[in-house]
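Structure file my_file.txt with compact mmCIF, C-alpha atoms:
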# COMPACT_ATOMS: atom_id res chain seq x y z
CA MET A 1 165.17 136.12 142.12
CA GLY A 2 162.09 134.19 143.26
CA GLY A 3 161.36 132.34 140.02
CA PRO A 4 160.20 133.22 136.51
CA HIS A 5 157.03 135.02 137.63
CA VAL A 6 158.64 137.32 140.18
CA HIS A 7 160.40 140.54 139.31
CA PHE A 8 162.32 142.47 141.97
CA VAL A 9 161.81 146.24 141.85
CA ASP A 10 164.33 148.08 144.03
CA VAL A 11 162.27 151.13 144.98
CA GLY A 12 164.52 151.85 147.97
CA GLY A 13 167.64 151.92 145.83
CA PHE A 14 165.92 154.12 143.26
CA LEU A 15 164.79 156.62 145.92
CA ASN A 16 168.20 156.68 147.60
CA ASP A 17 169.93 157.41 144.30
CA ALA A 18 167.33 159.97 143.22
CA LEU A 19 167.01 161.86 146.48
CA THR A 20 170.70 161.93 147.42
CA GLY A 21 171.62 163.33 144.01
CA LYS A 22 173.44 160.26 142.68
CA ASN A 23 170.84 160.11 139.89
CA PRO A 24 169.00 163.41 140.39
CA VAL A 25 165.34 163.72 139.52
CA ARG A 26 164.00 167.02 138.22
CA VAL A 27 160.36 167.86 137.70
CA ALA A 28 159.37 171.20 136.18
CA GLY A 29 162.88 172.52 136.91
CA ARG A 30 162.74 171.46 140.58
CA ARG A 31 165.35 169.01 141.87
CA PHE A 32 163.92 166.54 144.37
CA SER A 33 165.78 165.69 147.57
CA ARG A 34 165.18 164.41 151.10
CA LYS A 35 165.03 167.88 152.64
CA TRP A 36 161.88 168.41 154.69
CA VAL A 37 159.36 170.41 152.61
CA ARG A 38 162.13 172.04 150.54
CA GLY A 39 162.98 168.70 148.90
CA GLY A 40 159.52 168.20 147.43
CA ALA A 41 159.44 164.42 147.76
CA PHE A 42 157.78 163.98 151.15
CA SER A 43 154.69 165.05 153.06
CA LEU A 44 154.78 167.26 156.14
CA ASP A 45 155.97 164.38 158.33
CA GLY A 46 159.14 163.95 156.29
CA VAL A 47 158.55 160.19 156.13
CA HIS A 48 155.68 159.50 153.78
CA PRO A 49 156.02 160.54 150.15
CA GLY A 50 153.89 163.48 149.05
CA TYR A 51 151.75 163.39 145.93
CA THR A 52 154.67 163.97 143.57
CA GLY A 53 156.85 161.53 145.50
CA GLN A 54 154.14 158.88 145.18
CA ALA A 55 153.81 159.54 141.45
CA LEU A 56 157.61 159.35 141.08
CA ILE A 57 157.59 155.92 142.77
CA ALA A 58 154.63 154.80 140.66
CA ASN A 59 156.43 155.82 137.46
CA PHE A 60 159.53 153.89 138.51
CA VAL A 61 157.47 150.75 139.20
CA LEU A 62 155.49 151.17 135.97
CA THR A 63 158.73 151.60 133.99
CA GLN A 64 160.09 148.39 135.50
CA ILE A 65 156.87 146.52 134.70
CA ASN A 66 156.79 147.92 131.17
CA GLU A 67 160.38 146.78 130.56
CA ALA A 68 159.95 143.33 132.12
CA LEU A 69 156.64 142.53 130.43
CA HIS A 70 157.12 144.52 127.21
CA LEU A 71 154.11 146.69 127.99
CA ASP A 72 153.39 150.34 127.39
CA ALA A 73 151.43 151.38 130.49
CA PRO A 74 151.26 155.19 130.64
CA LEU A 75 153.25 157.07 133.24
CA TYR A 76 152.01 159.90 135.44
CA ASP A 77 152.67 163.46 134.28
CA LEU A 78 154.89 164.52 137.17
CA SER A 79 154.64 168.22 136.27
CA ALA A 80 150.84 168.06 136.51
CA VAL A 81 151.00 166.21 139.84
CA LEU A 82 153.55 168.69 141.18
CA ALA A 83 151.34 171.65 140.23
CA GLY A 84 148.59 170.44 142.58
CA ASP A 85 150.76 168.88 145.29
CA PRO A 86 150.02 170.51 148.69
CA TYR A 87 153.36 169.28 150.02
CA ILE A 88 155.36 171.39 147.56
CA ASP A 89 156.68 174.81 148.55
CA HIS A 90 155.65 176.72 145.44
CA ASP A 91 156.71 180.20 146.59
CA GLY A 92 160.17 179.16 147.83
CA ASP A 93 159.81 180.33 151.43
CA GLY A 94 160.48 176.91 152.98
CA TRP A 95 156.87 176.20 153.92
CA ALA A 96 154.23 174.10 152.13
CA PRO A 97 150.48 174.64 152.39
CA GLY A 98 149.72 171.02 153.27
CA PRO A 99 146.41 169.32 152.59
CA THR A 100 143.06 170.90 153.41
CA TYR A 101 141.58 167.99 155.39
CA PRO A 102 141.58 168.13 159.22
CA ALA A 103 144.61 166.54 160.82
CA PRO A 104 144.23 163.45 162.99
CA GLY A 105 146.41 162.50 165.98
CA LEU A 106 149.95 163.80 166.14
CA THR A 107 149.63 165.08 162.59
CA LYS A 108 147.84 168.05 164.18
CA LEU A 109 151.26 169.22 165.32
CA LEU A 110 152.70 169.13 161.80
CA PHE A 111 149.72 171.07 160.48
CA LEU A 112 150.71 173.99 162.72
CA PHE A 113 153.58 174.60 160.29
CA ARG A 114 151.56 174.93 157.07
CA ASP A 115 152.08 177.87 154.73
CA PRO A 116 148.98 180.10 154.95
CA ASP A 117 149.69 181.66 151.52
CA ASP A 118 151.93 179.63 149.23
CA GLY A 119 151.75 182.32 146.57
CA ASP A 120 153.51 184.95 148.67
CA PRO A 121 156.85 184.16 150.34
CA ARG A 122 156.41 187.12 152.70
CA VAL A 123 153.46 185.42 154.42
CA GLN A 124 154.80 183.00 157.02
CA PRO A 125 153.05 180.57 159.37
CA VAL A 126 152.06 182.12 162.68
CA MET A 127 151.75 179.88 165.70
CA PRO A 128 148.41 180.14 167.49
CA LEU A 129 148.48 181.76 170.95
CA ASP A 130 147.58 178.41 172.54
CA VAL A 131 150.25 176.46 170.64
CA TRP A 132 151.61 174.79 173.80
CA ASN A 133 148.11 173.76 174.85
CA GLN A 134 147.54 172.24 171.40
CA ILE A 135 150.86 170.38 171.58
CA SER A 136 150.07 169.10 175.09
CA ALA A 137 146.57 167.99 174.08
CA ALA A 138 147.80 166.14 170.98
CA LEU A 139 150.54 164.37 172.95
CA LEU A 140 148.15 163.44 175.76
CA GLU A 141 145.60 162.13 173.25
CA GLU A 142 148.30 159.95 171.70
CA LEU A 143 149.54 158.68 175.07
CA LEU A 144 146.02 157.79 176.19
CA ARG A 145 145.71 155.43 173.23
CA VAL A 146 148.02 153.09 175.12
CA PRO A 147 145.62 150.88 177.12
CA GLU A 148 147.85 150.67 180.22
CA LEU A 149 148.28 154.45 180.37
CA ARG A 150 144.55 155.05 179.87
CA LYS A 151 143.75 152.56 182.64
CA GLU A 152 146.20 154.29 185.00
CA ALA A 153 144.76 157.71 184.17
CA VAL A 154 141.28 156.42 185.03
CA ARG A 155 142.59 154.83 188.25
CA ARG A 156 144.14 158.15 189.32
CA GLY A 157 140.94 160.04 188.54
CA MET A 158 142.47 161.97 185.63
CA LEU A 159 139.82 160.52 183.28
CA PRO A 160 136.27 159.40 183.97
CA ALA A 161 135.70 155.65 184.20
CA PRO A 162 134.31 154.19 180.98
Serialized structure, C-alpha cells:
Amino acid sequence: MGGPHVHFVDVGGFLNDALTGKNPVRVAGRRFSRKWVRGGAFSLDGVHPGYTGQALIANFVLTQINEALHLDAPLYDLSAVLAGDPYIDHDGDGWAPGPTYPAPGLTKLLFLFRDPDDGDPRVQPVMPLDVWNQISAALLEELLRVPELRKEAVRRGMLPAP
C-alpha cells in the first residue's frame, strides 16, 4: 500500500481489538477497555488516550516498525507507565486522580470529577458548593470564543467593548 517506502500501521484496528476484548491487553494484571476511567486507556475526557494508552499505542507502532525494518527499538515498560499514570483508578473506586496541572477550557468540568485520594476508595470526589456556577462559567467562556457570539454579547451590553 503506497509503495515500497510506506508501511501501513492500523492503530485503529489494534485499539478496537484490544479495547473491546477481541485481543485483550493486560498491564500489571489490569485489563484495558474503553470504559471511562475504569478502562484505564483514556484520559478524563474519555477520548484522548491517557499515559498508558499512549504508551500502548507507541509500543504497537514500534513493534510494527521493528518487524518491517528488522530493527530492535526498545518498547515502553507499560507497568512503569501505568504506575505513574494519573488517569488510572489505582484504588478501584471508579475515580482517577487526574493530572496536577490547572485545567483549561471545558476540561475544567472534567477536573471536578477527580479522585482526591486515589489510595483510599472510601474518599470520593465532592462537588464544590458553586458547582453550577463553575459549569455555567466554563460553558459561557467556551461559547464566547465563537466570534459571532462574542460580538453579539458585546452588542447587547453583556460584555464590555474591546
- Message: Which residues are near Pro102 in chain A? Cut-off 9 Å, only C-alpha atoms, ignore same chain within fewer than 3 positions. Put them as an NGL selection string.
- Response: :A and (99 or 108 or 111)
- Message: Excluding range 73-86 of chain A and its own-chain neighbours fewer than 5 positions away, which residues fall within 10 Å of it when counting only C-alpha atoms? Please give them as a PyMOL selection string.
- Response: chain A and resi 26-30+40-41+43-44+50-56+58-63+65-66+96-100+114-115+118
- Interatomic distance between CA of Ala103 in chain A and CA of Tyr87 in chain A? 14.2 Å
- Computed gap from CA of Gly21 in chain A to CA of Leu110 in chain A is 26.6 Å
- Mind pulling up the distance from CA of Met158 in chain A to CA of Trp132 in chain A? 19.7 Å
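In this comparison, which uses only C-alpha atoms, the residue of A:Asp72, A:Asp10, A:Asp45, A:Glu142 approaching Phe113 in chain A most closely is A:Asp45.
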- Task: Determine, counting all atoms listed in the file, which protein, DNA and RNA residues have an atom within 8 Å of an atom of Arg38 in chain A; residues of the same chain fewer than 5 positions away are not included. Present the result as a PyMOL selection string.
- Result: chain A and resi 33+88-89+92+94-95
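Close contacts of Lys22 in chain A, defined as residues with an atom at most 12 Å away when counting only C-alpha atoms, with chain neighbours fewer than 4 positions off set aside, comprise A:Gly13, A:Phe14, A:Leu15, A:Asn16, A:Asp17, A:Ala18, A:Arg31, A:Phe32, A:Ser33.
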Mind dumping the selected residues with C-alpha atoms as a PDB file, in the frame of the given file?
ATOM      1  CA  GLY A  13     167.640 151.920 145.830  1.00  0.00           C
ATOM      2  CA  PHE A  14     165.920 154.120 143.260  1.00  0.00           C
ATOM      3  CA  LEU A  15     164.790 156.620 145.920  1.00  0.00           C
ATOM      4  CA  ASN A  16     168.200 156.680 147.600  1.00  0.00           C
ATOM      5  CA  ASP A  17     169.930 157.410 144.300  1.00  0.00           C
ATOM      6  CA  ALA A  18     167.330 159.970 143.220  1.00  0.00           C
ATOM      7  CA  ARG A  31     165.350 169.010 141.870  1.00  0.00           C
ATOM      8  CA  PHE A  32     163.920 166.540 144.370  1.00  0.00           C
ATOM      9  CA  SER A  33     165.780 165.690 147.570  1.00  0.00           C
TER      10      SER A  33
END
- If you count only C-alpha atoms, which residues fall within 8 Å of Arg34 in chain A, apart from same-chain ones fewer than 3 positions away, as a count of residues only? 7
- Message: Under the rule that all atoms listed in the file are counted, which of A:Val37, A:Val126, A:Ala137, A:Leu159 is the nearest residue to Asp93 in chain A?
- Response: A:Val37
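Closest approach to Leu139 in chain A among A:Ala161, A:Val154, A:Val123, A:Leu109: A:Leu109, based on all atoms listed in the file.
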Please supply range 1-22 of chain A, rebuilt with N, CA and C atoms, as an mmCIF file, in the coordinates of the input.
data_model
loop_
_atom_site.group_PDB
_atom_site.id
_atom_site.type_symbol
_atom_site.label_atom_id
_atom_site.label_comp_id
_atom_site.auth_asym_id
_atom_site.auth_seq_id
_atom_site.Cartn_x
_atom_site.Cartn_y
_atom_site.Cartn_z
ATOM 1 N N MET A 1 165.484 136.116 140.713
ATOM 2 C CA MET A 1 165.170 136.120 142.120
ATOM 3 C C MET A 1 163.708 135.726 142.312
ATOM 4 N N GLY A 2 163.447 134.596 142.933
ATOM 5 C CA GLY A 2 162.090 134.190 143.260
ATOM 6 C C GLY A 2 161.367 133.442 142.150
ATOM 7 N N GLY A 3 162.022 133.104 141.062
ATOM 8 C CA GLY A 3 161.360 132.340 140.020
ATOM 9 C C GLY A 3 161.008 133.187 138.812
ATOM 10 N N PRO A 4 160.460 132.540 137.777
ATOM 11 C CA PRO A 4 160.200 133.220 136.510
ATOM 12 C C PRO A 4 159.041 134.223 136.566
ATOM 13 N N HIS A 5 158.196 134.138 137.570
ATOM 14 C CA HIS A 5 157.030 135.020 137.630
ATOM 15 C C HIS A 5 157.178 136.134 138.666
ATOM 16 N N VAL A 6 158.386 136.282 139.177
ATOM 17 C CA VAL A 6 158.640 137.320 140.180
ATOM 18 C C VAL A 6 159.709 138.258 139.642
ATOM 19 N N HIS A 7 159.439 139.546 139.771
ATOM 20 C CA HIS A 7 160.400 140.540 139.310
ATOM 21 C C HIS A 7 160.677 141.498 140.471
ATOM 22 N N PHE A 8 161.921 141.598 140.859
ATOM 23 C CA PHE A 8 162.320 142.470 141.970
ATOM 24 C C PHE A 8 162.429 143.908 141.476
ATOM 25 N N VAL A 9 161.756 144.814 142.171
ATOM 26 C CA VAL A 9 161.810 146.240 141.850
ATOM 27 C C VAL A 9 162.405 146.948 143.065
ATOM 28 N N ASP A 10 163.607 147.461 142.920
ATOM 29 C CA ASP A 10 164.330 148.080 144.030
ATOM 30 C C ASP A 10 163.933 149.551 144.186
ATOM 31 N N VAL A 11 162.763 149.776 144.777
ATOM 32 C CA VAL A 11 162.270 151.130 144.980
ATOM 33 C C VAL A 11 163.176 151.885 145.940
ATOM 34 N N GLY A 12 163.635 151.202 147.002
ATOM 35 C CA GLY A 12 164.520 151.850 147.970
ATOM 36 C C GLY A 12 165.802 152.344 147.343
ATOM 37 N N GLY A 13 166.415 151.521 146.516
ATOM 38 C CA GLY A 13 167.640 151.920 145.830
ATOM 39 C C GLY A 13 167.399 153.089 144.886
ATOM 40 N N PHE A 14 166.280 153.022 144.160
ATOM 41 C CA PHE A 14 165.920 154.120 143.260
ATOM 42 C C PHE A 14 165.778 155.428 144.026
ATOM 43 N N LEU A 15 165.005 155.398 145.134
ATOM 44 C CA LEU A 15 164.790 156.620 145.920
ATOM 45 C C LEU A 15 166.097 157.135 146.526
ATOM 46 N N ASN A 16 166.916 156.234 147.043
ATOM 47 C CA ASN A 16 168.200 156.680 147.600
ATOM 48 C C ASN A 16 169.035 157.390 146.549
ATOM 49 N N ASP A 17 169.135 156.793 145.374
ATOM 50 C CA ASP A 17 169.930 157.410 144.300
ATOM 51 C C ASP A 17 169.329 158.730 143.831
ATOM 52 N N ALA A 18 168.000 158.757 143.712
ATOM 53 C CA ALA A 18 167.330 159.970 143.220
ATOM 54 C C ALA A 18 167.402 161.104 144.229
ATOM 55 N N LEU A 19 167.161 160.799 145.488
ATOM 56 C CA LEU A 19 167.010 161.860 146.480
ATOM 57 C C LEU A 19 168.326 162.283 147.128
ATOM 58 N N THR A 20 169.380 161.505 146.923
ATOM 59 C CA THR A 20 170.700 161.930 147.420
ATOM 60 C C THR A 20 171.477 162.660 146.333
ATOM 61 N N GLY A 21 170.956 162.638 145.103
ATOM 62 C CA GLY A 21 171.620 163.330 144.010
ATOM 63 C C GLY A 21 172.504 162.447 143.160
ATOM 64 N N LYS A 22 172.636 161.164 143.507
ATOM 65 C CA LYS A 22 173.440 160.260 142.680
ATOM 66 C C LYS A 22 172.871 160.189 141.265
#
